[in-house]
Structures are given as C-alpha cells and as structure tokens.
>>> print(open('input_28.txt').read())   # compact mmCIF, N, CA and C atoms and all ligand atoms
# COMPACT_ATOMS: atom_id res chain seq x y z
N MET U 694 19.86 -4.90 11.82
CA MET U 694 18.52 -5.40 11.51
C MET U 694 17.60 -5.26 12.72
N ASN U 695 16.37 -4.91 12.45
CA ASN U 695 15.35 -4.83 13.49
C ASN U 695 14.74 -6.22 13.66
N VAL U 696 14.95 -6.82 14.84
CA VAL U 696 14.48 -8.19 15.03
C VAL U 696 13.05 -8.25 15.56
N LEU U 697 12.52 -7.11 16.05
CA LEU U 697 11.16 -7.11 16.56
C LEU U 697 10.19 -6.96 15.40
N PRO U 698 9.03 -7.66 15.48
CA PRO U 698 8.04 -7.47 14.42
C PRO U 698 7.48 -6.05 14.46
N ASP U 699 7.16 -5.51 13.30
CA ASP U 699 6.59 -4.17 13.21
C ASP U 699 5.25 -4.12 13.95
N PRO U 700 5.10 -3.24 14.94
CA PRO U 700 3.83 -3.19 15.69
C PRO U 700 2.64 -2.82 14.82
N HIS U 701 2.89 -2.19 13.68
CA HIS U 701 1.78 -1.83 12.80
C HIS U 701 1.14 -3.04 12.14
N LEU U 702 1.81 -4.19 12.23
CA LEU U 702 1.22 -5.41 11.66
C LEU U 702 -0.09 -5.77 12.36
N SER U 703 -0.32 -5.20 13.56
CA SER U 703 -1.60 -5.45 14.24
C SER U 703 -2.76 -4.82 13.48
N LEU U 704 -2.47 -3.92 12.53
CA LEU U 704 -3.51 -3.29 11.72
C LEU U 704 -3.91 -4.13 10.51
N VAL U 705 -3.15 -5.21 10.28
CA VAL U 705 -3.42 -6.03 9.10
C VAL U 705 -4.70 -6.84 9.29
N ARG U 706 -5.56 -6.80 8.27
CA ARG U 706 -6.83 -7.52 8.27
C ARG U 706 -6.91 -8.36 7.00
N PRO U 707 -7.79 -9.37 7.01
CA PRO U 707 -8.06 -10.05 5.74
C PRO U 707 -8.80 -9.07 4.82
N VAL U 708 -8.21 -8.73 3.70
CA VAL U 708 -8.80 -7.70 2.84
C VAL U 708 -9.10 -8.25 1.45
N THR U 709 -10.08 -7.61 0.81
CA THR U 709 -10.38 -7.85 -0.59
C THR U 709 -10.05 -6.56 -1.33
N PRO U 710 -9.26 -6.64 -2.40
CA PRO U 710 -8.92 -5.41 -3.14
C PRO U 710 -10.19 -4.69 -3.60
N ARG U 711 -10.29 -3.40 -3.27
CA ARG U 711 -11.48 -2.62 -3.61
C ARG U 711 -11.55 -2.35 -5.11
N THR U 712 -10.40 -2.07 -5.70
CA THR U 712 -10.33 -1.80 -7.14
C THR U 712 -9.22 -2.66 -7.74
N PRO U 713 -9.50 -3.96 -7.92
CA PRO U 713 -8.45 -4.86 -8.42
C PRO U 713 -7.95 -4.48 -9.82
N GLN U 714 -8.72 -3.64 -10.53
CA GLN U 714 -8.31 -3.28 -11.88
C GLN U 714 -7.26 -2.18 -11.90
N GLY U 715 -7.01 -1.51 -10.76
CA GLY U 715 -5.99 -0.47 -10.75
C GLY U 715 -6.08 0.43 -9.55
N CYS U 716 -5.29 1.51 -9.58
CA CYS U 716 -5.25 2.48 -8.48
C CYS U 716 -6.58 3.22 -8.41
N GLU U 717 -7.19 3.19 -7.23
CA GLU U 717 -8.50 3.82 -7.05
C GLU U 717 -8.44 5.31 -7.39
N GLY U 718 -7.44 6.00 -6.87
CA GLY U 718 -7.34 7.45 -7.11
C GLY U 718 -7.04 7.78 -8.56
N CYS U 719 -6.17 7.02 -9.19
CA CYS U 719 -5.82 7.29 -10.60
C CYS U 719 -7.00 6.98 -11.52
N LEU U 720 -7.73 5.92 -11.21
CA LEU U 720 -8.90 5.59 -12.03
C LEU U 720 -9.90 6.73 -11.99
N ARG U 721 -10.04 7.36 -10.80
CA ARG U 721 -10.99 8.46 -10.65
C ARG U 721 -10.52 9.69 -11.42
N LEU U 722 -9.19 9.90 -11.43
CA LEU U 722 -8.63 11.09 -12.06
C LEU U 722 -8.32 10.89 -13.54
N GLY U 723 -8.34 9.65 -13.98
CA GLY U 723 -7.89 9.37 -15.33
C GLY U 723 -6.38 9.47 -15.46
N ALA U 724 -5.68 9.28 -14.34
CA ALA U 724 -4.22 9.35 -14.33
C ALA U 724 -3.63 7.95 -14.55
N THR U 725 -2.34 7.90 -14.74
CA THR U 725 -1.67 6.62 -14.95
C THR U 725 -0.74 6.32 -13.77
N TRP U 726 -0.45 5.06 -13.58
CA TRP U 726 0.40 4.62 -12.48
C TRP U 726 1.45 3.67 -13.01
N LEU U 727 2.44 3.41 -12.13
CA LEU U 727 3.52 2.51 -12.50
C LEU U 727 3.30 1.14 -11.86
N HIS U 728 3.29 1.12 -10.54
CA HIS U 728 3.07 -0.13 -9.81
C HIS U 728 1.95 0.06 -8.80
N LEU U 729 1.35 -1.06 -8.37
CA LEU U 729 0.22 -0.99 -7.44
C LEU U 729 0.57 -1.59 -6.09
N ARG U 730 0.00 -0.99 -5.05
CA ARG U 730 0.16 -1.47 -3.67
C ARG U 730 -1.21 -1.65 -3.06
N LEU U 731 -1.33 -2.69 -2.22
CA LEU U 731 -2.61 -3.02 -1.59
C LEU U 731 -2.54 -2.69 -0.11
N CYS U 732 -3.48 -1.89 0.38
CA CYS U 732 -3.57 -1.61 1.81
C CYS U 732 -4.06 -2.86 2.52
N LEU U 733 -3.30 -3.33 3.51
CA LEU U 733 -3.66 -4.57 4.19
C LEU U 733 -4.62 -4.33 5.35
N THR U 734 -5.08 -3.10 5.51
CA THR U 734 -6.09 -2.83 6.54
C THR U 734 -7.49 -2.70 5.95
N CYS U 735 -7.60 -2.10 4.75
CA CYS U 735 -8.95 -1.88 4.20
C CYS U 735 -9.11 -2.33 2.75
N GLY U 736 -8.04 -2.76 2.09
CA GLY U 736 -8.16 -3.22 0.72
C GLY U 736 -8.05 -2.12 -0.32
N HIS U 737 -7.68 -0.92 0.10
CA HIS U 737 -7.46 0.18 -0.86
C HIS U 737 -6.31 -0.20 -1.80
N VAL U 738 -6.51 0.01 -3.10
CA VAL U 738 -5.45 -0.22 -4.07
C VAL U 738 -4.94 1.14 -4.53
N GLY U 739 -3.65 1.37 -4.38
CA GLY U 739 -3.07 2.65 -4.75
C GLY U 739 -1.78 2.48 -5.52
N CYS U 740 -1.33 3.60 -6.10
CA CYS U 740 -0.10 3.55 -6.89
C CYS U 740 1.12 3.78 -6.00
N CYS U 741 2.27 3.36 -6.50
CA CYS U 741 3.51 3.34 -5.72
C CYS U 741 4.18 4.71 -5.70
N ASP U 742 5.28 4.80 -4.97
CA ASP U 742 6.00 6.07 -4.86
C ASP U 742 6.71 6.45 -6.15
N SER U 743 6.82 5.55 -7.10
CA SER U 743 7.41 5.88 -8.39
C SER U 743 6.35 6.36 -9.37
N SER U 744 5.08 6.32 -8.95
CA SER U 744 4.00 6.82 -9.79
C SER U 744 3.80 8.31 -9.52
N PRO U 745 3.28 9.06 -10.49
CA PRO U 745 3.17 10.52 -10.31
C PRO U 745 2.32 10.93 -9.11
N MET U 746 1.25 10.22 -8.84
CA MET U 746 0.31 10.67 -7.81
C MET U 746 0.56 10.09 -6.42
N ARG U 747 1.33 9.02 -6.33
CA ARG U 747 1.68 8.40 -5.05
C ARG U 747 0.46 8.22 -4.14
N HIS U 748 -0.57 7.61 -4.66
CA HIS U 748 -1.81 7.49 -3.91
C HIS U 748 -1.69 6.57 -2.70
N THR U 749 -0.82 5.57 -2.74
CA THR U 749 -0.70 4.69 -1.57
C THR U 749 -0.11 5.46 -0.40
N ARG U 750 0.91 6.28 -0.66
CA ARG U 750 1.50 7.10 0.39
C ARG U 750 0.44 8.06 0.96
N GLY U 751 -0.36 8.66 0.08
CA GLY U 751 -1.41 9.56 0.53
C GLY U 751 -2.44 8.85 1.39
N HIS U 752 -2.81 7.65 0.97
CA HIS U 752 -3.78 6.86 1.73
C HIS U 752 -3.21 6.54 3.11
N ALA U 753 -1.97 6.11 3.18
CA ALA U 753 -1.35 5.75 4.45
C ALA U 753 -1.34 6.94 5.40
N ALA U 754 -1.05 8.13 4.87
CA ALA U 754 -0.93 9.31 5.72
C ALA U 754 -2.29 9.83 6.17
N THR U 755 -3.27 9.84 5.27
CA THR U 755 -4.54 10.47 5.61
C THR U 755 -5.46 9.54 6.38
N VAL U 756 -5.42 8.25 6.09
CA VAL U 756 -6.33 7.31 6.74
C VAL U 756 -5.65 6.60 7.91
N GLY U 757 -4.32 6.59 7.92
CA GLY U 757 -3.61 5.94 9.00
C GLY U 757 -3.50 4.44 8.84
N HIS U 758 -3.34 3.99 7.61
CA HIS U 758 -3.13 2.57 7.30
C HIS U 758 -1.74 2.40 6.70
N PRO U 759 -0.72 2.21 7.54
CA PRO U 759 0.66 2.24 7.02
C PRO U 759 1.14 0.96 6.34
N ILE U 760 0.47 -0.16 6.58
CA ILE U 760 1.01 -1.43 6.06
C ILE U 760 0.38 -1.75 4.70
N VAL U 761 1.23 -1.85 3.71
CA VAL U 761 0.77 -2.20 2.37
C VAL U 761 1.56 -3.41 1.88
N GLN U 762 0.97 -4.07 0.90
CA GLN U 762 1.65 -5.19 0.25
C GLN U 762 1.71 -4.88 -1.23
N SER U 763 2.77 -5.35 -1.87
CA SER U 763 2.83 -5.18 -3.32
C SER U 763 1.64 -5.87 -3.96
N PHE U 764 1.03 -5.19 -4.93
CA PHE U 764 -0.11 -5.76 -5.65
C PHE U 764 0.33 -6.15 -7.06
N GLU U 765 1.63 -6.34 -7.22
CA GLU U 765 2.16 -6.75 -8.51
C GLU U 765 2.23 -8.27 -8.57
N PRO U 766 1.96 -8.86 -9.73
CA PRO U 766 1.99 -10.32 -9.85
C PRO U 766 3.32 -10.91 -9.40
N GLY U 767 3.26 -11.90 -8.54
CA GLY U 767 4.47 -12.59 -8.10
C GLY U 767 5.21 -11.90 -6.98
N GLU U 768 4.70 -10.75 -6.51
CA GLU U 768 5.34 -10.03 -5.41
C GLU U 768 4.43 -10.06 -4.19
N ASP U 769 5.00 -10.35 -3.00
CA ASP U 769 4.16 -10.36 -1.80
C ASP U 769 4.86 -9.68 -0.62
N TRP U 770 5.85 -8.83 -0.92
CA TRP U 770 6.52 -8.14 0.19
C TRP U 770 5.62 -7.04 0.75
N ARG U 771 5.85 -6.75 2.05
CA ARG U 771 5.05 -5.74 2.74
C ARG U 771 5.94 -4.56 3.13
N TRP U 772 5.33 -3.40 3.22
CA TRP U 772 6.05 -2.18 3.53
C TRP U 772 5.26 -1.38 4.55
N CYS U 773 5.97 -0.77 5.51
CA CYS U 773 5.33 0.10 6.49
C CYS U 773 5.70 1.55 6.17
N TYR U 774 4.69 2.40 5.97
CA TYR U 774 4.93 3.80 5.62
C TYR U 774 5.29 4.65 6.84
N VAL U 775 5.07 4.12 8.05
CA VAL U 775 5.52 4.85 9.24
C VAL U 775 7.00 4.59 9.48
N HIS U 776 7.39 3.34 9.44
CA HIS U 776 8.78 2.99 9.67
C HIS U 776 9.64 3.14 8.42
N GLU U 777 8.99 3.30 7.26
CA GLU U 777 9.72 3.35 5.99
C GLU U 777 10.63 2.14 5.88
N ALA U 778 10.05 0.97 6.11
CA ALA U 778 10.84 -0.25 6.10
C ALA U 778 9.94 -1.42 5.74
N MET U 779 10.57 -2.52 5.34
CA MET U 779 9.85 -3.75 5.10
C MET U 779 9.20 -4.20 6.40
N ALA U 780 7.98 -4.70 6.31
CA ALA U 780 7.25 -5.11 7.52
C ALA U 780 6.99 -6.60 7.49
ZN ZN U 801 5.51 0.14 11.22
ZN ZN U 802 -2.76 6.51 -8.12
ZN ZN U 803 -6.42 1.43 3.96
>>> encode(input="input_28.txt", output="structure tokens")
Amino acid sequence: MNVLPDPHLSLVRPVTPRTPQGCEGCLRLGATWLHLRLCLTCGHVGCCDSSPMRHTRGHAATVGHPIVQSFEPGEDWRWCYVHEAMA
C-alpha cells in the first residue's frame, strides 16, 4: 500500500459540476455513457472508462486534471489518472 497522499490532490478545488445532467462530451456528440466521473479541478463531467468515448480519461490527459471523483449516486471515491490508483 502507498501510505503517502497522492501529490495530485493539490489540484483539487471546490467545484460545481458543469454539466450535472451528463457527460459533457457525450451530450455534445449525442453519444451514450455508462457511468459519470467529476473532475475535481474544474468540474468537468465525463464518462468512465467503461463508456465508449472515455471522455474523463481524455479530459485528464489533454487538460492535465488527473483527479476525478465518481459522479454516481452514493459513490464518493476518487481516482488519479496519472497514478492509475485510488487517490
Ligand atoms: Zn496522482
Ligand atoms: Zn462521454
Ligand atoms: Zn478538469
């Protein structure tokens, strides 16, 4: 187990979901998603890695916001896309 806190947690900000109704990229494309993830740096809402478009992974890579939180009801776990681990 990694006992040190993930350094990327310094990127976490108080955010408001930009598109609380669904994945921003999928809504634009008319695509469908499976689960939603919330970027904890800017509030981007994207689809998960099990969704066809994987918009959260794309957002993390292109914008450099690796820390996301599950945007599913009752889930509050965080994930780092750089470390590929729970944060
Ligand atoms: Zn990290
Ligand atoms: Zn999407
Ligand atoms: Zn972001």
>>> residues_around(input="input_28.txt", residues="U:Ala780", least_positions_apart="3", cutoff="6 Å", atoms="only N, CA and C atoms", output="PyMOL selection string")
chain U and resi 699+771-773
>>> select_by_dssp(input="input_28.txt", residues="chain U", states="strand (DSSP E or B)", output="ChimeraX atom specification")
/U:729-732,738-740,760-763,771-773,778-779
>>> residues_near_ligand(input="input_28.txt", ligand="ligand ZN 802 (chain U)", cutoff="5 Å", atoms="all atoms listed in the file", output="VMD selection string")
chain U and resid 716 718 to 719 739 to 740 748
>>> select_by_dssp(input="input_28.txt", residues="chain U", states="helix (DSSP H, G or I)", output="PyMOL selection string")
chain U and resi 700-704+717-722+748-756
>>> closest_residue(input="input_28.txt", among="U:Arg747, U:His737, U:His776, U:His728", to="ligand ZN 803 (chain U)", atoms="only N, CA and C atoms and all ligand atoms")
U:His737
>>> atom_distance(input="input_28.txt", atom1="atom N of U:Pro766", atom2="atom N of U:Val705")
21.0 Å
